[in-house]
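Asker: Compact mmCIF, C-alpha atoms, file protein.txt:
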# COMPACT_ATOMS: atom_id res chain seq x y z
CA MET A 1 0.00 0.00 0.00
CA GLY A 2 1.58 3.28 -1.14
CA THR A 3 2.14 6.17 1.22
CA THR A 4 1.57 9.93 1.10
CA ARG A 5 3.20 12.63 3.20
CA LEU A 6 0.90 14.79 5.25
CA GLY A 7 1.26 18.37 4.06
CA ARG A 8 4.87 19.47 4.19
CA SER A 9 5.72 17.16 7.09
CA ARG A 10 7.71 13.95 6.99
CA VAL A 11 4.81 11.94 8.41
CA GLU A 12 3.48 9.35 5.97
CA VAL A 13 0.15 7.58 5.81
CA GLY A 14 -1.12 4.75 3.65
CA ALA A 15 -4.15 5.09 1.43
CA LEU A 16 -6.27 3.18 3.98
CA GLY A 17 -6.14 3.88 7.71
CA PHE A 18 -7.66 2.25 10.80
CA GLY A 19 -10.05 4.34 12.89
CA ALA A 20 -10.09 3.15 16.50
CA VAL A 21 -13.47 4.50 17.62
CA GLY A 22 -15.03 1.05 17.48
CA ILE A 23 -12.43 -0.69 19.63
CA GLY A 24 -13.19 1.96 22.25
CA ASN A 25 -16.74 0.56 22.41
CA GLY A 26 -18.08 3.35 20.25
CA MET A 27 -21.74 3.75 19.28
CA ASP A 28 -22.58 2.07 22.60
CA ARG A 29 -21.42 -1.32 21.31
CA ALA A 30 -19.08 -3.31 23.51
CA VAL A 31 -16.15 -5.06 21.83
CA ALA A 32 -14.24 -7.84 23.55
CA GLU A 33 -10.56 -7.22 24.27
CA GLU A 34 -9.53 -10.13 22.04
CA ASP A 35 -11.67 -8.89 19.15
CA ALA A 36 -10.20 -5.40 19.44
CA HIS A 37 -6.66 -6.80 19.37
CA ASP A 38 -7.45 -9.06 16.42
CA ALA A 39 -9.02 -6.19 14.46
CA VAL A 40 -5.85 -4.11 14.72
CA ARG A 41 -3.58 -7.05 13.86
CA ALA A 42 -5.77 -8.07 10.90
CA ALA A 43 -5.54 -4.51 9.58
CA TRP A 44 -1.76 -4.67 10.00
CA ASP A 45 -1.61 -7.99 8.14
CA ALA A 46 -3.64 -6.40 5.33
CA GLY A 47 -1.04 -3.65 4.95
CA VAL A 48 -2.64 -0.86 7.00
CA ARG A 49 0.01 1.29 8.69
CA TYR A 50 -1.93 4.33 9.88
CA PHE A 51 -3.96 4.17 13.11
CA ASP A 52 -6.06 6.99 14.58
CA THR A 53 -7.41 7.25 18.11
CA ALA A 54 -8.37 9.83 20.78
CA PRO A 55 -8.83 10.11 24.56
CA HIS A 56 -12.55 10.74 23.93
CA TYR A 57 -13.02 7.25 22.48
CA GLY A 58 -14.14 5.10 25.39
CA LEU A 59 -12.56 7.37 28.01
CA GLY A 60 -9.11 6.19 26.96
CA LEU A 61 -10.06 2.59 26.21
CA SER A 62 -9.37 3.01 22.50
CA GLU A 63 -5.85 4.32 23.17
CA ARG A 64 -5.07 1.55 25.64
CA ARG A 65 -6.31 -1.18 23.32
CA LEU A 66 -4.55 0.26 20.30
CA GLY A 67 -1.30 0.54 22.22
CA ARG A 68 -1.51 -3.06 23.39
CA ALA A 69 -2.29 -4.31 19.88
CA LEU A 70 0.63 -2.40 18.35
CA ALA A 71 3.09 -3.49 21.05
CA GLY A 72 5.94 -5.47 19.57
CA LEU A 73 5.44 -4.19 16.03
CA PRO A 74 8.28 -2.11 14.52
CA ARG A 75 7.62 1.50 15.60
CA ASP A 76 9.19 3.04 12.52
CA ARG A 77 6.74 1.21 10.25
CA TYR A 78 3.45 2.67 11.43
CA THR A 79 1.89 6.08 12.01
CA VAL A 80 -0.31 6.95 15.01
CA SER A 81 -2.48 10.00 15.47
CA THR A 82 -4.33 11.07 18.57
CA LYS A 83 -6.20 14.17 19.59
CA VAL A 84 -6.28 16.96 22.17
CA GLY A 85 -9.03 19.20 23.48
CA ARG A 86 -10.79 16.95 25.97
CA LEU A 87 -9.02 16.21 29.24
CA LEU A 88 -9.98 13.02 31.08
CA GLU A 89 -10.44 13.62 34.81
CA PRO A 90 -11.22 10.92 37.41
CA ALA A 91 -14.89 10.79 38.42
CA PRO A 92 -15.18 8.74 41.63
CA HIS A 93 -18.61 10.32 42.20
CA ARG A 94 -19.90 8.39 39.15
CA SER A 95 -18.99 4.95 40.48
CA GLY A 96 -21.33 2.36 39.03
CA GLU A 97 -22.58 4.61 36.21
CA ARG A 98 -22.01 4.15 32.48
CA ASP A 99 -20.57 6.71 30.09
CA ASP A 100 -23.23 8.85 28.42
CA HIS A 101 -21.25 10.02 25.37
CA GLY A 102 -21.90 7.07 23.06
CA PHE A 103 -19.36 4.62 24.45
CA ASP A 104 -20.21 1.42 26.32
CA VAL A 105 -17.72 1.87 29.17
CA PRO A 106 -17.90 2.63 32.90
CA ALA A 107 -18.01 6.35 33.70
CA THR A 108 -14.64 6.30 35.45
CA HIS A 109 -13.74 9.75 34.11
CA THR A 110 -15.36 12.93 32.90
CA ARG A 111 -14.33 14.87 29.81
CA ARG A 112 -13.43 18.52 30.25
CA TRP A 113 -12.93 20.81 27.28
CA ASP A 114 -9.48 22.40 27.39
CA PHE A 115 -7.71 23.94 24.41
CA SER A 116 -5.15 25.78 26.49
CA ALA A 117 -1.43 25.20 25.95
CA ASP A 118 -1.23 23.42 29.29
CA GLY A 119 -4.24 21.33 28.35
CA VAL A 120 -2.52 20.23 25.14
CA LEU A 121 0.57 19.09 27.04
CA ARG A 122 -1.44 17.30 29.72
CA SER A 123 -3.64 15.58 27.18
CA LEU A 124 -0.71 14.42 25.08
CA GLU A 125 1.12 13.14 28.16
CA GLY A 126 -1.93 11.08 29.13
CA SER A 127 -2.29 9.70 25.62
CA LEU A 128 1.34 8.58 25.47
CA GLU A 129 0.92 6.78 28.79
CA ARG A 130 -2.23 4.98 27.65
CA LEU A 131 -0.73 4.10 24.27
CA GLY A 132 2.53 2.93 25.81
CA LEU A 133 4.47 4.96 23.24
CA ASP A 134 7.20 7.55 23.53
CA ARG A 135 5.77 9.61 20.68
CA VAL A 136 2.81 10.03 18.36
CA ASP A 137 3.23 11.14 14.79
CA LEU A 138 0.21 13.38 14.28
CA VAL A 139 -1.75 15.37 16.88
CA LEU A 140 -5.14 16.81 16.00
CA LEU A 141 -7.28 19.43 17.73
CA HIS A 142 -10.46 17.48 18.42
CA ASP A 143 -13.86 19.07 17.73
CA PRO A 144 -13.03 22.72 18.54
CA ASP A 145 -16.42 23.81 17.11
CA ASP A 146 -17.32 25.98 20.10
CA HIS A 147 -13.74 26.81 21.05
CA TRP A 148 -12.23 28.49 17.98
CA GLU A 149 -10.59 31.38 19.80
CA GLN A 150 -8.80 29.25 22.39
CA ALA A 151 -8.01 26.49 19.91
CA VAL A 152 -6.36 28.81 17.39
CA GLY A 153 -4.91 31.18 19.99
CA GLU A 154 -3.52 28.72 22.53
CA ALA A 155 -3.72 25.05 21.48
CA TYR A 156 -2.53 25.55 17.91
CA PRO A 157 0.59 27.55 18.90
CA ALA A 158 1.42 24.84 21.45
CA LEU A 159 1.19 22.16 18.78
CA HIS A 160 3.18 24.32 16.39
CA GLU A 161 5.96 24.55 18.96
CA LEU A 162 5.89 20.80 19.63
CA ARG A 163 6.28 20.23 15.90
CA ASP A 164 9.16 22.71 15.69
CA GLN A 165 10.86 20.90 18.56
CA GLY A 166 10.42 17.54 16.83
CA VAL A 167 8.24 16.17 19.64
CA VAL A 168 5.49 15.45 17.09
CA GLY A 169 5.82 15.11 13.37
CA ALA A 170 2.63 16.74 12.14
CA ILE A 171 -0.31 18.74 13.49
CA GLY A 172 -3.86 19.47 12.46
CA ALA A 173 -7.52 19.42 13.44
CA GLY A 174 -10.32 16.86 13.26
CA MET A 175 -14.01 17.71 13.05
CA ASN A 176 -17.42 16.74 11.70
CA GLN A 177 -17.79 20.03 9.82
CA ALA A 178 -16.03 21.50 6.81
CA GLY A 179 -16.25 25.23 7.50
CA MET A 180 -13.89 25.49 10.44
CA LEU A 181 -11.48 22.98 8.97
CA GLU A 182 -11.25 25.21 5.93
CA ARG A 183 -10.32 28.09 8.25
CA PHE A 184 -7.57 25.98 9.80
CA ALA A 185 -6.24 25.13 6.34
CA VAL A 186 -6.27 28.76 5.18
CA GLU A 187 -5.40 30.66 8.36
CA THR A 188 -2.86 28.38 10.07
CA ASP A 189 0.10 26.21 9.18
CA VAL A 190 -1.40 22.78 9.85
CA ASP A 191 -0.25 19.71 7.96
CA ALA A 192 -3.55 17.84 7.85
CA VAL A 193 -7.23 17.97 8.70
CA LEU A 194 -9.44 15.02 9.55
CA LEU A 195 -12.86 15.48 7.98
CA ALA A 196 -15.60 13.15 9.25
CA GLY A 197 -18.76 12.52 7.27
CA ARG A 198 -18.74 15.61 5.07
CA TYR A 199 -17.33 14.10 1.89
CA THR A 200 -19.32 10.96 1.26
CA LEU A 201 -21.72 9.54 -1.29
CA LEU A 202 -24.54 11.11 0.71
CA ASP A 203 -22.97 14.37 1.95
CA ARG A 204 -20.59 16.32 -0.27
CA SER A 205 -20.73 19.58 1.65
CA ALA A 206 -16.92 19.76 1.76
CA ALA A 207 -16.57 19.56 -2.01
CA ALA A 208 -17.43 23.15 -2.91
CA THR A 209 -14.78 25.14 -1.05
CA MET A 210 -13.12 23.21 1.76
CA LEU A 211 -11.39 20.48 -0.25
CA PRO A 212 -10.16 22.89 -2.95
CA ALA A 213 -8.87 25.22 -0.23
CA CYS A 214 -6.92 22.38 1.37
CA ARG A 215 -5.43 21.43 -1.96
CA ARG A 216 -4.32 24.99 -2.67
CA ALA A 217 -2.79 25.29 0.81
CA GLY A 218 -1.00 21.95 0.61
CA VAL A 219 -2.96 20.60 3.58
CA SER A 220 -3.68 16.88 3.45
CA VAL A 221 -7.20 15.63 4.13
CA ILE A 222 -7.89 12.51 6.15
CA ALA A 223 -11.35 11.34 5.07
CA ALA A 224 -13.23 9.69 7.93
CA GLY A 225 -16.85 8.73 8.44
CA VAL A 226 -17.15 7.68 4.79
CA PHE A 227 -20.00 5.30 5.69
CA ASN A 228 -21.88 8.16 7.43
CA SER A 229 -21.85 6.04 10.62
CA GLY A 230 -23.43 2.97 9.04
CA VAL A 231 -25.94 3.50 6.23
CA LEU A 232 -23.23 3.09 3.57
CA ALA A 233 -21.46 0.21 5.32
CA THR A 234 -23.58 -2.58 3.78
CA ASP A 235 -25.07 -3.26 0.37
CA GLU A 236 -28.64 -3.14 1.68
CA PRO A 237 -29.41 0.00 3.74
CA VAL A 238 -32.10 -1.48 5.99
CA GLU A 239 -34.50 0.10 8.44
CA GLY A 240 -32.56 0.91 11.60
CA ALA A 241 -29.37 1.82 9.71
CA THR A 242 -27.71 4.93 11.09
CA TYR A 243 -26.86 8.18 9.34
CA ASP A 244 -24.62 10.59 11.24
CA TYR A 245 -25.20 8.66 14.47
CA ALA A 246 -29.01 8.75 14.31
CA ALA A 247 -31.59 6.57 12.60
CA ALA A 248 -31.46 7.12 8.84
CA SER A 249 -34.65 8.57 7.40
CA PRO A 250 -36.51 6.66 4.67
CA GLU A 251 -35.31 9.31 2.19
CA VAL A 252 -31.65 8.77 3.13
CA ARG A 253 -32.03 4.99 2.94
CA SER A 254 -33.73 5.31 -0.44
CA ARG A 255 -30.88 7.43 -1.80
CA ALA A 256 -28.28 4.99 -0.42
CA ALA A 257 -30.15 2.09 -2.03
CA ALA A 258 -30.18 3.93 -5.35
CA VAL A 259 -26.41 4.45 -5.18
CA ALA A 260 -26.00 0.78 -4.25
CA GLY A 261 -28.01 -0.24 -7.31
CA VAL A 262 -25.79 1.76 -9.66
CA ALA A 263 -22.66 0.41 -7.99
CA ARG A 264 -23.96 -3.15 -8.29
CA ARG A 265 -24.27 -2.77 -12.06
CA HIS A 266 -20.52 -2.14 -12.12
CA GLY A 267 -19.69 -5.06 -9.83
CA VAL A 268 -18.92 -2.76 -6.90
CA SER A 269 -20.31 -3.00 -3.37
CA LEU A 270 -21.81 0.05 -1.66
CA PRO A 271 -19.09 0.22 1.05
CA GLY A 272 -16.44 -0.28 -1.62
CA ALA A 273 -17.87 2.62 -3.59
CA ALA A 274 -18.07 4.75 -0.44
CA MET A 275 -14.38 4.28 0.29
CA ALA A 276 -13.33 4.70 -3.35
CA PHE A 277 -15.34 7.92 -3.73
CA ALA A 278 -13.49 9.62 -0.87
CA ALA A 279 -10.11 8.21 -1.88
CA ARG A 280 -10.28 9.48 -5.45
CA HIS A 281 -10.33 13.18 -4.52
CA PRO A 282 -6.87 14.72 -5.05
CA ALA A 283 -6.99 16.50 -1.67
CA VAL A 284 -7.50 13.24 0.23
CA ALA A 285 -4.36 11.51 1.50
CA THR A 286 -6.00 8.59 3.30
CA VAL A 287 -9.39 7.10 4.05
CA LEU A 288 -9.97 6.20 7.69
CA VAL A 289 -12.26 3.23 8.34
CA GLY A 290 -12.98 1.50 11.63
CA ALA A 291 -13.37 -2.18 12.46
CA ARG A 292 -14.57 -4.09 15.52
CA SER A 293 -13.23 -7.49 14.49
CA ALA A 294 -10.60 -9.13 12.33
CA GLU A 295 -13.29 -10.05 9.82
CA GLN A 296 -14.37 -6.42 9.42
CA ALA A 297 -10.77 -5.24 9.09
CA ARG A 298 -10.05 -7.80 6.39
CA ARG A 299 -13.28 -6.96 4.56
CA ASN A 300 -12.48 -3.25 4.55
CA ALA A 301 -8.99 -3.83 3.17
CA ASP A 302 -10.29 -6.25 0.53
CA LEU A 303 -13.04 -3.91 -0.67
CA PHE A 304 -10.67 -0.95 -0.69
CA ALA A 305 -8.20 -2.83 -2.88
CA ARG A 306 -10.76 -3.69 -5.56
CA PRO A 307 -10.72 -1.47 -8.67
CA VAL A 308 -13.69 0.82 -9.27
CA PRO A 309 -14.42 1.82 -12.89
CA ASP A 310 -14.68 5.51 -13.72
CA ALA A 311 -17.98 4.72 -15.42
CA LEU A 312 -19.55 4.26 -11.99
CA TRP A 313 -19.05 7.93 -11.17
CA SER A 314 -20.34 8.98 -14.58
CA ASP A 315 -23.48 6.92 -14.09
CA LEU A 316 -24.06 8.34 -10.60
CA VAL A 317 -23.81 11.84 -12.08
CA GLY A 318 -26.12 10.87 -14.93
CA GLU A 319 -28.75 9.61 -12.51
CA GLY A 320 -28.57 12.73 -10.37
CA LEU A 321 -26.98 10.95 -7.41
CA LEU A 322 -23.75 12.95 -7.67
CA GLY A 323 -22.87 16.29 -9.20
CA GLU A 324 -19.93 16.84 -11.54
CA GLU A 325 -18.67 19.41 -9.05
CA ASP A 326 -18.56 16.73 -6.34
CA LEU A 327 -15.89 14.64 -8.04
CA GLY A 328 -12.88 16.90 -7.44
Could you write out this file's structure as structure tokens?
Answerer:
Amino acid sequence: MGTTRLGRSRVEVGALGFGAVGIGNGMDRAVAEEDAHDAVRAAWDAGVRYFDTAPHYGLGLSERRLGRALAGLPRDRYTVSTKVGRLLEPAPHRSGERDDHGFDVPATHTRRWDFSADGVLRSLEGSLERLGLDRVDLVLLHDPDDHWEQAVGEAYPALHELRDQGVVGAIGAGMNQAGMLERFAVETDVDAVLLAGRYTLLDRSAAATMLPACRRAGVSVIAAGVFNSGVLATDEPVEGATYDYAAASPEVRSRAAAVAGVARRHGVSLPGAAMAFAARHPAVATVLVGARSAEQARRNADLFARPVPDALWSDLVGEGLLGEEDLG
């Protein structure tokens, strides 16, 4: 699997990355320790060398599990990113409760927003301890939607300094919206942005200005959430499928089914088309996809490796399911 450098940094990522939300018991679905380990190792065996996590994911469970799964593998052969912006603080007063932020874990800690310079250093220190690593390659400001001023005025300069010192290799921001990520690309000197769910077969809101702006600025895009949390993850978008972490409406499921029908005519699965669509944009350096088991990790890698004919995109445009302007 070929690699691409993030922005002007020396940090490299493969075309397919592993998102570790799921192994942190994301979407309120518990994953056994053994399954989490096997998912990471199966991704590794399939050639995946980029792994993304965050303290937010399972109150640190994702980082701990990822670190244990990567232990013993050659450190110079893989790239790890984590995030800052939420500090984990012990919550003894919540003993016996469960986390209420979408992760099936005990509420051992609370999350506190902190985009101060000190918060960045404290968060990174905690992440390194949980991961069992002496360094991470890429650090991202995590969901600073309501914290732009502190994020750009305090957290970003702290990351910039850490990069200058060689403590981290690359810096950036990760969000579920395109507008603020475009500001980071244009107004700061980040290497990469992680865009979740806004450049997919169902939501191309990043296509008009954000992705072109990143390309002009030399900022690499990490495309995440390409299945829109589930509705594009299978060939048959059924009732109960999720879209952006909520139940998909009949209209969304109908549109996903229509895309699946066109893809099927070209011998392509819906999840395969979803990954290929994001990967083909020239601003996108890597597509980040999660897995909860070895089987899912192998399936993702297999589907990603299959060729997708250009005629598929032409047909989707012809049937009004994509716009020419969406294709990059």
Asker: For A:Arg94, which of A:Asn25, A:Ser269, A:Ser81, A:Thr108 is the closest residue, counting all atoms listed in the file?
Answerer: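 Looking at the shortest contact to A:Arg94, the residue is A:Thr108.
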Asker: To one decimal place in Å, what is the distance between atom CA of A:Val31 and atom CA of A:Gly14?
Answerer: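 Atom-to-atom, atom CA of A:Val31 to atom CA of A:Gly14, that is 25.5 Å.
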Asker: Mind checking which residues fall within 6 Å of stretch 68-78 of chain A, counting all atoms listed in the file, ignoring those fewer than 2 positions away in the same chain, and posting them as a list in words?
Answerer: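 What passes the distance filter is His37, Arg49, Tyr50, Arg65 and Leu66 of chain A.
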Asker: State, in Å with one decimal place, the distance from atom CA of A:Val262 to atom CA of A:His281.
Answerer: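 Result for atom CA of A:Val262 versus atom CA of A:His281: 19.9 Å, one decimal.
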Asker: Can you tell me how far atom CA of A:Ile222 sits from atom CA of A:Glu12, in Å to one decimal?
Answerer: 11.8 Å
Asker: Name the closest residue to A:Glu236 among the candidates A:Arg216, A:Arg8, A:Arg264, A:His101; distances are taken between atoms, counting only C-alpha atoms.
Answerer: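 Comparing A:Arg216, A:Arg8, A:Arg264, A:His101 against A:Glu236, the winner is A:Arg264.
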Asker: For A:Val289, please output as a ChimeraX atom specification all residues within 8 Å (counting all atoms listed in the file; exclusion window: fewer than 2 positions along the same chain).
Answerer: /A:16-19,224-226,287,291,300
Asker: Between A:Asn228, A:Ser127, A:Ser314, A:Thr234, which is the closest to A:Ala247 once you count all atoms listed in the file?
Answerer: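 Checking each candidate against A:Ala247, we get A:Asn228 as the closest.
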Asker: So that all listed atoms of stretch 122-136 of chain A fit with 5 Å spare on each side, what axis-aligned box centre and edge lengths in Å, to one decimal, would you give as AutoDock Vina command-line options?
Answerer:
--center_x 1.8 --center_y 10.1 --center_z 24.0 --size_x 20.8 --size_y 24.4 --size_z 21.4
Asker: Need the shell around A:Arg29: protein/DNA/RNA residues with any atom at most 8 Å away, counting only C-alpha atoms. Skip same-chain ones fewer than 5 positions apart. Format as a PDB file with C-alpha atoms, keeping the file's coordinate frame?
Answerer:
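Wrote it out as out-v2.pdb, contents follow:
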ATOM      1  CA  GLY A  22     -15.030   1.050  17.480  1.00  0.00           C
ATOM      2  CA  PHE A 103     -19.360   4.620  24.450  1.00  0.00           C
ATOM      3  CA  ASP A 104     -20.210   1.420  26.320  1.00  0.00           C
TER       4      ASP A 104
END
Asker: Which of these residues is nearest to A:Glu251, using all atoms listed in the file: A:Leu327, A:Val238, A:Val136, A:Ala178?
Answerer: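 Nearest candidate to A:Glu251 out of A:Leu327, A:Val238, A:Val136, A:Ala178: A:Val238.
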Asker: Skip A:Tyr243 itself and residues of its chain fewer than 6 positions away, then list as a PyMOL selection string all residues within 9 Å of it, counting all atoms listed in the file.
Answerer: chain A and resi 227-232+249+252-253
Asker: For C-alpha atoms, I'd like the residues from the last selection saved as a PDB file, in the coordinates of the input.
Answerer:
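Okay, this is what ended up in again_0.pdb:
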ATOM      1  CA  PHE A 227     -20.000   5.300   5.690  1.00  0.00           C
ATOM      2  CA  ASN A 228     -21.880   8.160   7.430  1.00  0.00           C
ATOM      3  CA  SER A 229     -21.850   6.040  10.620  1.00  0.00           C
ATOM      4  CA  GLY A 230     -23.430   2.970   9.040  1.00  0.00           C
ATOM      5  CA  VAL A 231     -25.940   3.500   6.230  1.00  0.00           C
ATOM      6  CA  LEU A 232     -23.230   3.090   3.570  1.00  0.00           C
ATOM      7  CA  SER A 249     -34.650   8.570   7.400  1.00  0.00           C
ATOM      8  CA  VAL A 252     -31.650   8.770   3.130  1.00  0.00           C
ATOM      9  CA  ARG A 253     -32.030   4.990   2.940  1.00  0.00           C
TER      10      ARG A 253
END
Asker: With all atoms listed in the file as the atoms that count, which of A:Arg98, A:Arg122, A:Arg299, A:Arg86 lies nearest to A:Pro144?
Answerer: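 Smallest separation from A:Pro144 among the options: A:Arg86.
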Asker: Restricting the calculation to only C-alpha atoms: of A:Asp52, A:Asp191, A:Asp38, A:Glu89, which residue gets closest to A:Arg10?
Answerer: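 The shortest atom-to-atom distance to A:Arg10 comes from A:Asp191.
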Asker: Would you mind writing stretch 114-127 of chain A with N, CA, C and O atoms, as an mmCIF file, in the coordinates of the input?
Answerer:
data_model
loop_
_atom_site.group_PDB
_atom_site.id
_atom_site.type_symbol
_atom_site.label_atom_id
_atom_site.label_comp_id
_atom_site.auth_asym_id
_atom_site.auth_seq_id
_atom_site.Cartn_x
_atom_site.Cartn_y
_atom_site.Cartn_z
ATOM 1 N N ASP A 114 -10.643 21.590 27.041
ATOM 2 C CA ASP A 114 -9.480 22.400 27.390
ATOM 3 C C ASP A 114 -8.570 22.514 26.176
ATOM 4 O O ASP A 114 -7.887 21.554 25.810
ATOM 5 N N PHE A 115 -8.590 23.670 25.544
ATOM 6 C CA PHE A 115 -7.710 23.940 24.410
ATOM 7 C C PHE A 115 -6.609 24.924 24.780
ATOM 8 O O PHE A 115 -6.082 25.625 23.922
ATOM 9 N N SER A 116 -6.269 24.953 26.064
ATOM 10 C CA SER A 116 -5.150 25.780 26.490
ATOM 11 C C SER A 116 -3.846 25.069 26.155
ATOM 12 O O SER A 116 -3.815 23.862 25.883
ATOM 13 N N ALA A 117 -2.741 25.812 26.205
ATOM 14 C CA ALA A 117 -1.430 25.200 25.950
ATOM 15 C C ALA A 117 -1.131 24.133 26.983
ATOM 16 O O ALA A 117 -0.635 23.047 26.653
ATOM 17 N N ASP A 118 -1.442 24.411 28.244
ATOM 18 C CA ASP A 118 -1.230 23.420 29.290
ATOM 19 C C ASP A 118 -2.112 22.206 29.072
ATOM 20 O O ASP A 118 -1.685 21.064 29.290
ATOM 21 N N GLY A 119 -3.345 22.447 28.626
ATOM 22 C CA GLY A 119 -4.240 21.330 28.350
ATOM 23 C C GLY A 119 -3.718 20.429 27.249
ATOM 24 O O GLY A 119 -3.852 19.199 27.315
ATOM 25 N N VAL A 120 -3.121 21.010 26.228
ATOM 26 C CA VAL A 120 -2.520 20.230 25.140
ATOM 27 C C VAL A 120 -1.428 19.311 25.694
ATOM 28 O O VAL A 120 -1.378 18.116 25.389
ATOM 29 N N LEU A 121 -0.542 19.875 26.508
ATOM 30 C CA LEU A 121 0.570 19.090 27.040
ATOM 31 C C LEU A 121 0.075 17.988 27.970
ATOM 32 O O LEU A 121 0.558 16.848 27.920
ATOM 33 N N ARG A 122 -0.897 18.302 28.812
ATOM 34 C CA ARG A 122 -1.440 17.300 29.720
ATOM 35 C C ARG A 122 -2.157 16.185 28.968
ATOM 36 O O ARG A 122 -2.029 14.997 29.300
ATOM 37 N N SER A 123 -2.917 16.566 27.964
ATOM 38 C CA SER A 123 -3.640 15.580 27.180
ATOM 39 C C SER A 123 -2.682 14.651 26.443
ATOM 40 O O SER A 123 -2.859 13.417 26.442
ATOM 41 N N LEU A 124 -1.669 15.224 25.827
ATOM 42 C CA LEU A 124 -0.710 14.420 25.080
ATOM 43 C C LEU A 124 0.058 13.488 26.011
ATOM 44 O O LEU A 124 0.307 12.325 25.678
ATOM 45 N N GLU A 125 0.425 13.978 27.190
ATOM 46 C CA GLU A 125 1.120 13.140 28.160
ATOM 47 C C GLU A 125 0.256 11.935 28.551
ATOM 48 O O GLU A 125 0.738 10.802 28.620
ATOM 49 N N GLY A 126 -1.040 12.177 28.794
ATOM 50 C CA GLY A 126 -1.930 11.080 29.130
ATOM 51 C C GLY A 126 -2.088 10.091 27.995
ATOM 52 O O GLY A 126 -2.134 8.869 28.212
ATOM 53 N N SER A 127 -2.156 10.592 26.778
ATOM 54 C CA SER A 127 -2.290 9.700 25.620
ATOM 55 C C SER A 127 -1.071 8.808 25.452
ATOM 56 O O SER A 127 -1.194 7.610 25.175
#
